[in-house]
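Structure, as structure tokens:
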Amino acid sequence: MSHATYLRYELVRTFRNRRFLFFSLGFPLLMFLLIAGANQSKRLDGIPFPLYYMTGMVSWGAMIAIISSGTRISAERQIGWARQLRITPLSTRTYFRSKVVGGYVMALLTIAVLYVAGSMLSVHLDARQWALMTLLLLIGLVPFAVLGIMLGHLLKPDSLGPAVGGVTSLFALLGGAWGPLSTSTTFVDIVKCIPSYWLVQSGKVALGGPGWPPLQAWVVLAVWTAALAWLAVAAFRRDTARLT
């Protein structure tokens with residue numbers, strides 16, 4: 001089975017999962033339209049509220065989409081599909097690459113839909129700002145793509161759904177996707193150590209803030225990605241050892 005064939009299969013399965021589409025795309029969109037629509041004339045930190053809130057919802061929705069790639073891994077493990085793939089020419093690298101690419105496709109779809117919704121609520125940016133914001137968001141999603149793979153090999157489908165919901169909600173809350181939690185310097189210093197903070201900031205800073213990404217952002221994203229990758233590999237090896 002070629003990479004293109006398996007990727008196409010992966011995308012078809014993703015788009016047929018209505019529950020996944022609702023939580024990664026529909027729910028953030030609904031929250032944005034309800035909350036930003038009711039506060040369209042307000043400003044937050046000097047930024048029009050719909051623009052400020054759109055960047056938060058984009059970060060949250062994309063995070064859900066990329067982490068939820070793990071739900072398909074977990075489901076395939078439960079039905080024995082992972083065992084079946086081990087006797088095909090499909091390489092492990094191609095298998096995981098397809099999962100990550102599928103997650104990124106859904107993340108891009110979520111981003112695009114929220115961009116359109118933002119434009120409907122008078123969010124106006126030039127082409128460079130849209131492109132820069134999208135690029136920075138995709139970079140910020142890297143550790144969450146690895147996290148999704150790790151969770152897929154650690155949890156069963158019944159427990160993975162609530163886990164993804166809880167993890168993404170906690171990351172979004174602490175990262176400021178729903179609005180700033182505190183102006184305390186100590187608190188801000190703490191949340192700067194989690195990747196969701198920089199994922200959210202990547203959108204907001206692209207709207208005219210100071211230069212991004214700072215060195216701290218690169219370090220946090222790299223450390224989290226490396227640590228989660230090590231855990232994901234360990235979970236994968238333990239999981240596949242049971243299949244031999």
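Residue names in the structure tokens use chain letters A, B, ... in the order shown, residue numbers from 1 in each chain, and ligand numbers from 1 in the order shown.
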
Mind the document's chain letters and residue numbers, and return as an MDAnalysis selection string the residues of segment 71-161 of chain A that DSSP labels helix (DSSP H, G or I).
chainID A and resid 71:79 81:85 92:120 127:140 142:154 157:161

Who sits within 9 Å of Lys99 of chain A, only C-alpha atoms, same chain under 4 positions skipped, as a list in words
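Counting only C-alpha atoms, the residues come to Leu7, Glu10, Ser69, Gly70, Arg72, Ile73, Thr94, Tyr95, Gly103, Tyr104, Ala145 and Ile149 of chain A.
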
Could those residues be written to a file, using C-alpha atoms, as a CSV table (one decimal), in the first residue's frame?
```csv
chain,number,residue,atom,x,y,z
A,7,LEU,CA,-3.3,8.9,3.2
A,10,GLU,CA,-7.1,8.2,6.3
A,69,SER,CA,-5.5,11.9,15.1
A,70,GLY,CA,-4.7,9.7,18.1
A,72,ARG,CA,-7.9,6.8,15.0
A,73,ILE,CA,-4.7,5.1,16.2
A,94,THR,CA,4.5,6.0,6.4
A,95,TYR,CA,1.8,5.0,8.9
A,103,GLY,CA,-4.4,15.8,11.5
A,104,TYR,CA,-2.8,18.8,9.8
A,145,ALA,CA,0.7,16.2,16.8
A,149,ILE,CA,0.2,9.8,18.6
```

Work out how far apart atom CA of Met31 of chain A and atom CA of Leu51 of chain A are and give it in Å to one decimal.
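Separating atom CA of Met31 of chain A from atom CA of Leu51 of chain A is a distance of 13.7 Å.
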
How would you write, as a PyMOL selection string, the set of residues in segment 21-232 of chain A that DSSP gives as strand (DSSP E or B)?
chain A and resi 43-44+47-48

Restrict the selected residues to C-alpha atoms and save them as a compact mmCIF listing (two decimals), in the first residue's frame.
```txt
# COMPACT_ATOMS: atom_id res chain seq x y z
CA ARG A 43 -11.89 45.79 21.91
CA LEU A 44 -9.50 43.71 24.03
CA ILE A 47 -7.52 44.67 19.29
CA PRO A 48 -11.08 44.32 17.95
```

Distance query segment 56-65 of chain A at most 8 Å, only C-alpha atoms, self and fewer than 2 positions along chain excluded, as number ranges by chain:
A: 20, 23-25, 28-29, 31-32, 52-54, 67-69, 103-104, 106-108, 110-111, 114, 137, 141, 144, 164-165, 168-169, 172, 176-179, 199-200, 203

One-decimal distance in Å that lies between atom CA of Trp230 of chain A and atom CA of Val105 of chain A
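So the two atoms, atom CA of Val105 of chain A and atom CA of Trp230 of chain A, lie 24.3 Å apart.
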
Could you check how far atom CA of Leu160 of chain A sits from atom CA of Tyr9 of chain A, in Å to one decimal?
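So the answer is 21.8 Å.
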
Pick from A:Ala112, A:Ile66, A:Arg77, A:Leu147 nearest to Ala227 of chain A, counting only C-alpha atoms:
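Answer, going by the shortest atom-to-atom distance: A:Leu147.
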
Select, from A:Lys204, A:Tyr197, A:Ala235, A:Gly152, the residue with the minimum atom-to-atom distance to Ala75 of chain A, counting only C-alpha atoms.
A:Gly152

Who sits within 10 Å of His124 of chain A, only C-alpha atoms, same chain under 6 positions skipped, as a list in words
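The neighbour list is Leu51, Tyr115, Gly118 and Trp130 of chain A.
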
Between A:Leu170, A:Val220, A:Val146, A:Ile194, which residue has the minimum interatomic distance to Ala232 of chain A, considering only C-alpha atoms?
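Of A:Leu170, A:Val220, A:Val146, A:Ile194, the one nearest Ala232 of chain A, counting only C-alpha atoms, is A:Val146.
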
Using only C-alpha atoms, the residue out of A:Ala217, A:Met150, A:Leu228, A:Val191 with shortest distance to Ser74 of chain A is A:Met150
